[in-house]
$ cat input_10.txt   # compact mmCIF, C-alpha atoms
# COMPACT_ATOMS: atom_id res chain seq x y z
CA LEU Y 1 5.16 39.71 -55.24
CA ARG Y 2 4.50 36.28 -53.79
CA ASN Y 3 8.16 35.20 -53.61
CA PRO Y 4 9.57 38.20 -51.68
CA ILE Y 5 6.59 38.26 -49.32
CA THR Y 6 6.90 34.52 -48.73
CA LEU Y 7 10.57 35.12 -47.93
CA ILE Y 8 9.59 37.72 -45.30
CA GLN Y 9 7.04 35.29 -43.91
CA ASN Y 10 9.61 32.50 -43.60
CA TYR Y 11 12.28 34.72 -42.02
CA SER Y 12 9.82 36.02 -39.44
CA ARG Y 13 8.86 32.44 -38.63
CA PHE Y 14 12.54 31.54 -38.15
CA LEU Y 15 13.01 34.53 -35.83
CA ILE Y 16 10.03 33.47 -33.74
CA GLU Y 17 11.38 29.93 -33.47
CA ASP Y 18 14.82 31.28 -32.45
CA HIS Y 19 13.23 33.52 -29.84
CA ASN Y 20 11.28 30.62 -28.37
CA GLU Y 21 14.54 28.70 -28.00
CA GLN Y 22 16.94 31.49 -26.93
CA ASP Y 23 14.80 34.48 -25.85
CA ILE Y 24 16.63 36.92 -28.17
CA PHE Y 25 14.03 39.75 -28.30
CA THR Y 26 12.44 42.09 -25.83
CA ASP Y 27 8.66 41.75 -25.48
CA ASP Y 28 8.04 44.75 -27.76
CA GLN Y 29 10.44 43.44 -30.39
CA PHE Y 30 8.85 40.02 -30.28
CA GLN Y 31 5.39 41.52 -30.81
CA LEU Y 32 6.69 43.39 -33.87
CA VAL Y 33 8.13 40.18 -35.33
CA LYS Y 34 4.80 38.43 -34.77
CA GLN Y 35 2.99 41.27 -36.53
CA ILE Y 36 5.39 40.99 -39.47
CA LYS Y 37 4.66 37.26 -39.70
CA GLU Y 38 0.87 37.74 -39.48
CA SER Y 39 0.85 40.58 -42.02
CA SER Y 40 3.02 38.66 -44.48
CA GLU Y 41 0.76 35.59 -44.14
CA TYR Y 42 -2.26 37.79 -44.87
CA MET Y 43 -0.58 39.34 -47.93
CA VAL Y 44 0.39 35.91 -49.26
CA GLN Y 45 -3.24 34.81 -48.85
CA ILE Y 46 -4.46 37.87 -50.76
CA ILE Y 47 -2.03 37.16 -53.61
CA GLU Y 48 -3.01 33.48 -53.78
CA ASP Y 49 -6.71 34.36 -53.75
CA MET Y 50 -6.21 36.94 -56.51
CA LEU Y 51 -4.32 34.40 -58.62
CA ASP Y 52 -7.05 31.80 -58.05
CA ASN Y 53 -9.77 34.30 -58.91
CA ALA Y 54 -7.94 35.45 -62.06
CA ALA Y 55 -7.52 31.85 -63.20
CA ILE Y 56 -11.19 31.10 -62.60
CA GLU Y 57 -12.39 34.28 -64.31
CA SER Y 58 -10.27 33.45 -67.36
CA GLY Y 59 -11.99 30.08 -67.60
CA SER Y 60 -8.84 28.09 -66.90
CA ILE Y 61 -10.13 26.25 -63.84
CA SER Y 62 -9.54 22.52 -64.20
CA LEU Y 63 -10.68 19.68 -61.99
CA GLU Y 64 -8.82 16.48 -61.17
CA LYS Y 65 -11.75 14.46 -59.93
CA ASP Y 66 -11.72 11.13 -58.19
CA ASP Y 67 -14.03 9.22 -55.86
CA GLU Y 68 -13.59 10.68 -52.39
CA ASP Y 69 -15.04 9.90 -48.99
CA ILE Y 70 -16.81 13.20 -48.27
CA SER Y 71 -16.98 12.59 -44.52
CA GLU Y 72 -13.20 12.18 -44.44
CA LEU Y 73 -12.73 15.42 -46.40
CA ILE Y 74 -14.95 17.27 -43.95
CA GLU Y 75 -13.17 15.77 -40.94
CA ARG Y 76 -9.83 16.84 -42.39
CA VAL Y 77 -11.01 20.44 -42.78
CA VAL Y 78 -12.59 20.47 -39.32
CA SER Y 79 -9.37 19.17 -37.76
CA LEU Y 80 -7.35 21.89 -39.47
CA ASN Y 81 -9.73 24.54 -38.11
CA ARG Y 82 -9.97 23.26 -34.53
CA PRO Y 83 -6.96 25.26 -33.25
CA THR Y 84 -8.49 28.51 -34.58
CA ALA Y 85 -11.89 27.63 -33.13
CA GLY Y 86 -10.24 26.72 -29.83
CA LYS Y 87 -8.84 30.24 -29.44
CA LYS Y 88 -12.45 31.47 -29.25
CA ASN Y 89 -13.75 28.43 -27.35
CA ILE Y 90 -15.97 27.57 -30.29
CA SER Y 91 -17.06 23.94 -30.47
CA LEU Y 92 -16.79 22.30 -33.89
CA ILE Y 93 -19.39 19.54 -34.28
CA THR Y 94 -19.75 17.09 -37.17
CA GLU Y 95 -22.85 15.13 -38.17
CA PHE Y 96 -22.59 12.38 -40.78
CA PRO Y 97 -24.85 9.58 -42.03
CA ASP Y 98 -24.03 6.09 -40.77
CA LYS Y 99 -22.91 4.86 -44.18
CA PRO Y 100 -19.92 6.32 -46.05
CA ILE Y 101 -20.72 9.00 -48.62
CA THR Y 102 -18.58 8.80 -51.74
CA LYS Y 103 -18.62 11.43 -54.50
CA GLU Y 104 -16.42 12.20 -57.47
CA VAL Y 105 -14.79 15.57 -56.71
CA ASP Y 106 -11.47 17.37 -56.96
CA ALA Y 107 -10.29 16.74 -53.40
CA HIS Y 108 -7.89 19.68 -53.22
CA LYS Y 109 -10.31 22.27 -54.59
CA PHE Y 110 -13.28 20.86 -52.70
CA GLN Y 111 -11.28 21.03 -49.47
CA GLN Y 112 -10.54 24.67 -50.34
CA VAL Y 113 -14.30 25.31 -50.52
CA LEU Y 114 -15.01 23.58 -47.21
CA ASP Y 115 -12.12 25.35 -45.48
CA ASN Y 116 -13.38 28.74 -46.61
CA VAL Y 117 -16.93 28.18 -45.39
CA VAL Y 118 -15.89 26.59 -42.08
CA SER Y 119 -13.22 29.21 -41.33
CA ASN Y 120 -15.74 31.98 -42.10
CA ALA Y 121 -18.22 30.43 -39.67
CA ILE Y 122 -15.55 30.54 -36.96
CA LYS Y 123 -14.39 34.02 -37.96
CA TYR Y 124 -17.85 35.59 -37.69
CA SER Y 125 -19.01 33.70 -34.59
CA GLU Y 126 -18.79 34.87 -31.02
CA ALA Y 127 -16.80 32.98 -28.41
CA GLU Y 128 -18.43 30.09 -26.55
CA THR Y 129 -20.70 29.14 -29.46
CA GLU Y 130 -20.99 26.13 -31.78
CA VAL Y 131 -20.36 25.51 -35.46
CA GLU Y 132 -21.89 22.35 -36.92
CA VAL Y 133 -20.66 20.80 -40.16
CA GLY Y 134 -22.46 17.85 -41.66
CA ILE Y 135 -24.03 16.05 -44.56
CA LYS Y 136 -27.76 16.50 -44.98
CA GLU Y 137 -29.61 13.21 -45.05
CA GLY Y 138 -32.56 12.47 -47.29
CA ALA Y 139 -31.39 14.52 -50.26
CA GLU Y 140 -32.02 12.20 -53.21
CA ASN Y 141 -30.75 14.32 -56.11
CA ALA Y 142 -27.69 15.97 -54.62
CA LEU Y 143 -24.98 15.76 -52.02
CA ILE Y 144 -25.72 18.59 -49.58
CA ILE Y 145 -23.13 19.70 -47.04
CA TYR Y 146 -24.12 22.31 -44.48
CA VAL Y 147 -22.15 24.59 -42.17
CA GLU Y 148 -24.30 26.12 -39.43
CA ASP Y 149 -23.09 28.74 -36.97
CA GLN Y 150 -24.54 30.73 -34.10
CA GLY Y 151 -22.96 33.96 -35.25
CA GLN Y 152 -24.18 37.45 -35.96
CA GLY Y 153 -26.22 36.62 -39.02
CA ILE Y 154 -26.25 38.55 -42.28
CA PRO Y 155 -28.79 41.22 -43.31
CA GLU Y 156 -31.10 39.92 -46.04
CA ASP Y 157 -30.22 42.76 -48.41
CA GLU Y 158 -26.52 41.81 -48.19
CA LEU Y 159 -26.85 38.09 -48.96
CA GLY Y 160 -26.40 38.73 -52.68
CA ASP Y 161 -23.06 40.43 -52.03
CA LEU Y 162 -21.48 37.45 -50.29
CA PHE Y 163 -20.19 35.90 -53.51
CA VAL Y 164 -19.07 39.14 -55.18
CA PRO Y 165 -15.28 39.61 -55.19
CA PHE Y 166 -14.11 42.24 -52.66
CA ALA Y 167 -17.67 43.06 -51.60
CA LYS Y 168 -17.99 44.23 -48.00
CA ILE Y 169 -20.82 43.36 -45.64
CA SER Y 170 -21.76 45.03 -42.37
CA SER Y 171 -20.89 42.02 -40.20
CA ASP Y 172 -17.31 42.01 -38.95
CA PRO Y 173 -15.12 39.16 -37.70
CA THR Y 174 -15.63 38.93 -33.96
CA ALA Y 175 -11.95 38.78 -32.96
CA GLY Y 176 -10.44 41.15 -35.49
CA GLU Y 177 -9.64 38.43 -38.03
CA LYS Y 178 -8.83 39.55 -41.56
CA SER Y 179 -10.58 38.64 -44.79
CA THR Y 180 -9.43 39.01 -48.40
CA GLY Y 181 -12.99 39.36 -49.73
CA LEU Y 182 -12.37 36.69 -52.36
CA GLY Y 183 -12.85 33.39 -50.55
CA LEU Y 184 -16.57 32.87 -51.12
CA ALA Y 185 -16.39 34.08 -54.72
CA ILE Y 186 -13.70 31.47 -55.42
CA ALA Y 187 -15.59 28.79 -53.48
CA GLN Y 188 -18.73 29.44 -55.51
CA LYS Y 189 -16.86 29.09 -58.81
CA ILE Y 190 -15.27 25.82 -57.71
CA VAL Y 191 -18.65 24.40 -56.67
CA GLU Y 192 -20.20 25.56 -59.95
CA ALA Y 193 -17.38 23.78 -61.81
CA HIS Y 194 -18.57 20.61 -60.01
CA GLY Y 195 -22.09 21.33 -61.32
CA GLY Y 196 -23.44 22.58 -58.00
CA TYR Y 197 -24.14 25.77 -56.10
CA ILE Y 198 -23.79 27.40 -52.68
CA GLN Y 199 -26.70 29.05 -50.93
CA VAL Y 200 -27.11 30.63 -47.52
CA GLU Y 201 -29.88 31.10 -45.01
CA SER Y 202 -29.33 33.69 -42.30
CA GLU Y 203 -31.10 35.47 -39.48
CA LEU Y 204 -29.69 38.51 -37.75
CA GLY Y 205 -28.63 37.69 -34.22
CA ALA Y 206 -29.23 33.97 -34.70
CA GLY Y 207 -26.57 32.83 -37.17
CA SER Y 208 -26.17 31.54 -40.70
CA THR Y 209 -26.24 28.21 -42.51
CA PHE Y 210 -24.35 27.67 -45.74
CA PHE Y 211 -25.42 24.81 -48.03
CA ILE Y 212 -23.04 23.31 -50.59
CA SER Y 213 -25.04 21.26 -53.09
CA ILE Y 214 -23.55 19.01 -55.78
CA PRO Y 215 -25.71 16.68 -57.89
CA TRP Y 216 -25.09 12.97 -57.53
CA ASP Y 217 -24.91 12.63 -61.31
CA ASP Y 218 -22.06 14.50 -62.92
CA PHE Y 219 -23.23 17.89 -64.19
CA TYR Y 220 -21.87 17.25 -67.64
CA LYS Y 221 -23.25 13.73 -68.07
CA LYS Y 222 -26.25 14.01 -70.33
CA ARG Y 223 -28.94 11.48 -69.66
CA PRO Y 224 -31.32 10.19 -72.34
CA LEU Y 225 -34.97 11.09 -72.10
CA CYS Y 226 -37.60 10.09 -74.63
CA LEU Y 227 -39.90 12.99 -75.51
CA HIS Y 228 -42.95 11.97 -77.51
CA SER Y 229 -44.47 14.65 -79.69
CA GLY Y 230 -47.93 13.87 -78.41
CA LEU Y 231 -46.92 14.85 -74.86
CA TYR Y 232 -44.46 17.73 -75.37
CA ASN Y 233 -44.57 20.70 -77.72
CA LEU Y 234 -41.51 22.30 -79.27
CA SER Y 235 -41.04 24.95 -76.59
CA GLU Y 236 -41.18 22.31 -73.84
CA ILE Y 237 -38.53 20.20 -75.56
CA LEU Y 238 -36.24 23.20 -75.95
CA LEU Y 239 -36.80 24.24 -72.34
CA LEU Y 240 -35.90 20.78 -71.08
CA SER Y 241 -32.87 20.77 -73.35
CA PHE Y 242 -31.57 24.06 -71.95
CA VAL Y 243 -32.46 23.66 -68.28
CA LYS Y 244 -31.94 19.94 -67.72
CA ARG Y 245 -28.96 19.53 -70.09
CA LEU Y 246 -30.40 16.32 -71.44
CA VAL Y 247 -29.82 14.29 -74.55
CA VAL Y 248 -33.15 14.71 -76.28
CA VAL Y 249 -34.39 11.71 -78.22
CA ALA Y 250 -37.53 13.02 -79.86
CA SER Y 251 -40.33 11.21 -81.67
CA VAL Y 252 -41.00 14.19 -83.86
CA HIS Y 253 -44.47 14.98 -85.14
CA PRO Y 254 -44.58 15.88 -88.86
CA SER Y 255 -45.69 19.40 -87.97
CA PHE Y 256 -42.49 20.03 -85.99
CA PRO Y 257 -40.02 22.22 -87.90
CA GLU Y 258 -36.79 20.63 -89.11
CA SER Y 259 -34.86 23.22 -87.12
CA VAL Y 260 -35.54 21.37 -83.86
CA ALA Y 261 -32.08 19.81 -84.07
CA GLU Y 262 -30.49 23.18 -84.71
CA PHE Y 263 -32.21 24.78 -81.72
CA ALA Y 264 -31.29 21.93 -79.43
CA SER Y 265 -27.74 21.98 -80.74
CA ALA Y 266 -27.57 25.62 -79.69
CA ALA Y 267 -28.36 24.39 -76.19
CA GLN Y 268 -25.17 22.31 -76.43
CA ASN Y 269 -27.10 19.06 -76.33
CA PRO Y 270 -26.96 16.38 -79.00
CA VAL Y 271 -30.39 15.50 -80.36
CA GLY Y 272 -31.57 12.30 -81.94
CA LEU Y 273 -34.68 12.46 -84.09
CA HIS Y 274 -36.82 9.52 -85.00
CA GLY Y 275 -40.39 8.86 -85.88

$ encode --input "input_10.txt" --output "structure tokens"
Amino acid sequence: LRNPITLIQNYSRFLIEDHNEQDIFTDDQFQLVKQIKESSEYMVQIIEDMLDNAAIESGSISLEKDDEDISELIERVVSLNRPTAGKKNISLITEFPDKPITKEVDAHKFQQVLDNVVSNAIKYSEAETEVEVGIKEGAENALIIYVEDQGQGIPEDELGDLFVPFAKISSDPTAGEKSTGLGLAIAQKIVEAHGGYIQVESELGAGSTFFISIPWDDFYKKRPLCLHSGLYNLSEILLLSFVKRLVVVASVHPSFPESVAEFASAAQNPVGLHG
């Protein structure tokens, strides 16, 4: 499907460019060509989102991570969205710490996440409002990026549906923009693959703020922690092993069962026993 629809999209773009140069259509004809272009672009986006979602659901998502300047990534996304925001006279504001913020991420996929959240903020905001994108200062354990709008807000009972594929909420885009219903679901999976999460705070009539949180330490790096049997019981060790994803180095009390290693191994964490 993608190839023939992309062909329609490209031909309609060529026709628009020819019309701008030679005035070959009537006004009604030109509007039809523009609708063909817009509809084909929307269909291509749906197909790409469905392919992304299918790949993620099958567990085949892969990250090509490198150290990236997060402020530069955000600025790039904001710049790409300024023309769309300008059509609604929405001001895009950025707020960054004074020092550069570097984090190991997949730049392409992380930009996809940022673009989805920023474009949604614009899409669901009224004209003559502001959207602020920035990095939250003072967060010691994680990089936190926020996107704050002055839009319609989201009912509390619908917040859980935001990240469900094809779920519909009662808020509508303010200028008739279209949505595939997959963007946030894909964004969430990409952020989770980086070891983080997305959360949202919203108030009806006041707007919404989306938070993208990624731990400073790589999610899959297991950090040693010494657990002495005199301070932690078996259940506490297992809980830490599951929740914190730590390498457990235990000074095991003689009364501890030998199956501690087996339990911790089930938590997908290597365990060293000594004592």

$ atom_distance --input "input_10.txt" --atom1 "CA of Lys136 in chain Y" --atom2 "CA of Glu68 in chain Y"
17.0 Å

$ closest_residue --input "input_10.txt" --among "Y:Gln150, Y:Ser40, Y:Ser71, Y:Gln199" --to "Ser91 in chain Y" --atoms "all atoms listed in the file"
Y:Gln150

$ closest_atom_pairs --input "input_10.txt" --of "range 53-113 of chain Y" --to "range 129-132 of chain Y" --cutoff "6 Å" --atoms "all atoms listed in the file" --output "JSON lines"
{"residue": "Y:Ile90", "atom": "CA", "partner": "Y:Thr129", "partner_atom": "CA", "distance": 5.1}
{"residue": "Y:Ser91", "atom": "CA", "partner": "Y:Glu130", "partner_atom": "CA", "distance": 4.7}
{"residue": "Y:Leu92", "atom": "CA", "partner": "Y:Val131", "partner_atom": "CA", "distance": 5.1}
{"residue": "Y:Ile93", "atom": "CA", "partner": "Y:Glu132", "partner_atom": "CA", "distance": 4.6}
{"residue": "Y:Thr94", "atom": "CA", "partner": "Y:Glu132", "partner_atom": "CA", "distance": 5.7}

$ closest_residue --input "input_10.txt" --among "Y:Gln35, Y:Ser125, Y:Ser62, Y:Asn89" --to "His108 in chain Y" --atoms "all atoms listed in the file"
Y:Ser62

$ closest_residue --input "input_10.txt" --among "Y:Gly153, Y:Pro83, Y:Gly183, Y:Gly160" --to "Leu114 in chain Y" --atoms "only C-alpha atoms"
Y:Gly183

$ build_atoms --input "input_10.txt" --residues "range 164-178 of chain Y" --atoms "N, CA, C and O atoms" --output "JSON list (two decimals), in the frame of the given file"
[["chain", "number", "residue", "atom", "x", "y", "z"],
["Y", 164, "VAL", "N", -19.64, 38.14, -54.28],
["Y", 164, "VAL", "CA", -19.07, 39.14, -55.18],
["Y", 164, "VAL", "C", -17.65, 39.45, -54.71],
["Y", 164, "VAL", "O", -17.44, 39.78, -53.54],
["Y", 165, "PRO", "N", -16.66, 39.34, -55.60],
["Y", 165, "PRO", "CA", -15.28, 39.61, -55.19],
["Y", 165, "PRO", "C", -15.12, 40.99, -54.55],
["Y", 165, "PRO", "O", -15.62, 41.98, -55.07],
["Y", 166, "PHE", "N", -14.46, 41.03, -53.39],
["Y", 166, "PHE", "CA", -14.11, 42.24, -52.66],
["Y", 166, "PHE", "C", -15.31, 42.98, -52.09],
["Y", 166, "PHE", "O", -15.15, 44.09, -51.56],
["Y", 167, "ALA", "N", -16.50, 42.40, -52.18],
["Y", 167, "ALA", "CA", -17.67, 43.06, -51.60],
["Y", 167, "ALA", "C", -17.57, 43.05, -50.07],
["Y", 167, "ALA", "O", -17.08, 42.10, -49.47],
["Y", 168, "LYS", "N", -18.02, 44.11, -49.45],
["Y", 168, "LYS", "CA", -17.99, 44.23, -48.00],
["Y", 168, "LYS", "C", -19.41, 44.14, -47.44],
["Y", 168, "LYS", "O", -20.35, 44.68, -48.01],
["Y", 169, "ILE", "N", -19.54, 43.42, -46.32],
["Y", 169, "ILE", "CA", -20.82, 43.36, -45.64],
["Y", 169, "ILE", "C", -20.67, 44.02, -44.27],
["Y", 169, "ILE", "O", -19.56, 44.28, -43.80],
["Y", 170, "SER", "N", -21.79, 44.29, -43.63],
["Y", 170, "SER", "CA", -21.76, 45.03, -42.37],
["Y", 170, "SER", "C", -21.26, 44.20, -41.20],
["Y", 170, "SER", "O", -20.75, 44.75, -40.22],
["Y", 171, "SER", "N", -21.39, 42.88, -41.28],
["Y", 171, "SER", "CA", -20.89, 42.02, -40.20],
["Y", 171, "SER", "C", -19.37, 41.97, -40.24],
["Y", 171, "SER", "O", -18.77, 41.85, -41.30],
["Y", 172, "ASP", "N", -18.77, 42.05, -39.06],
["Y", 172, "ASP", "CA", -17.31, 42.01, -38.95],
["Y", 172, "ASP", "C", -16.87, 40.76, -38.20],
["Y", 172, "ASP", "O", -17.60, 40.25, -37.35],
["Y", 173, "PRO", "N", -15.67, 40.25, -38.50],
["Y", 173, "PRO", "CA", -15.12, 39.16, -37.70],
["Y", 173, "PRO", "C", -15.10, 39.55, -36.22],
["Y", 173, "PRO", "O", -14.80, 40.70, -35.88],
["Y", 174, "THR", "N", -15.41, 38.61, -35.37],
["Y", 174, "THR", "CA", -15.63, 38.93, -33.96],
["Y", 174, "THR", "C", -14.35, 39.08, -33.16],
["Y", 174, "THR", "O", -14.38, 39.58, -32.04],
["Y", 175, "ALA", "N", -13.21, 38.65, -33.69],
["Y", 175, "ALA", "CA", -11.95, 38.78, -32.96],
["Y", 175, "ALA", "C", -10.90, 39.52, -33.78],
["Y", 175, "ALA", "O", -9.70, 39.33, -33.60],
["Y", 176, "GLY", "N", -11.36, 40.37, -34.69],
["Y", 176, "GLY", "CA", -10.44, 41.15, -35.49],
["Y", 176, "GLY", "C", -9.74, 40.40, -36.60],
["Y", 176, "GLY", "O", -8.75, 40.87, -37.16],
["Y", 177, "GLU", "N", -10.26, 39.20, -36.95],
["Y", 177, "GLU", "CA", -9.64, 38.43, -38.03],
["Y", 177, "GLU", "C", -9.75, 39.19, -39.35],
["Y", 177, "GLU", "O", -10.65, 40.01, -39.54],
["Y", 178, "LYS", "N", -8.85, 38.88, -40.26],
["Y", 178, "LYS", "CA", -8.83, 39.55, -41.56],
["Y", 178, "LYS", "C", -9.47, 38.68, -42.63],
["Y", 178, "LYS", "O", -9.51, 37.46, -42.52]]
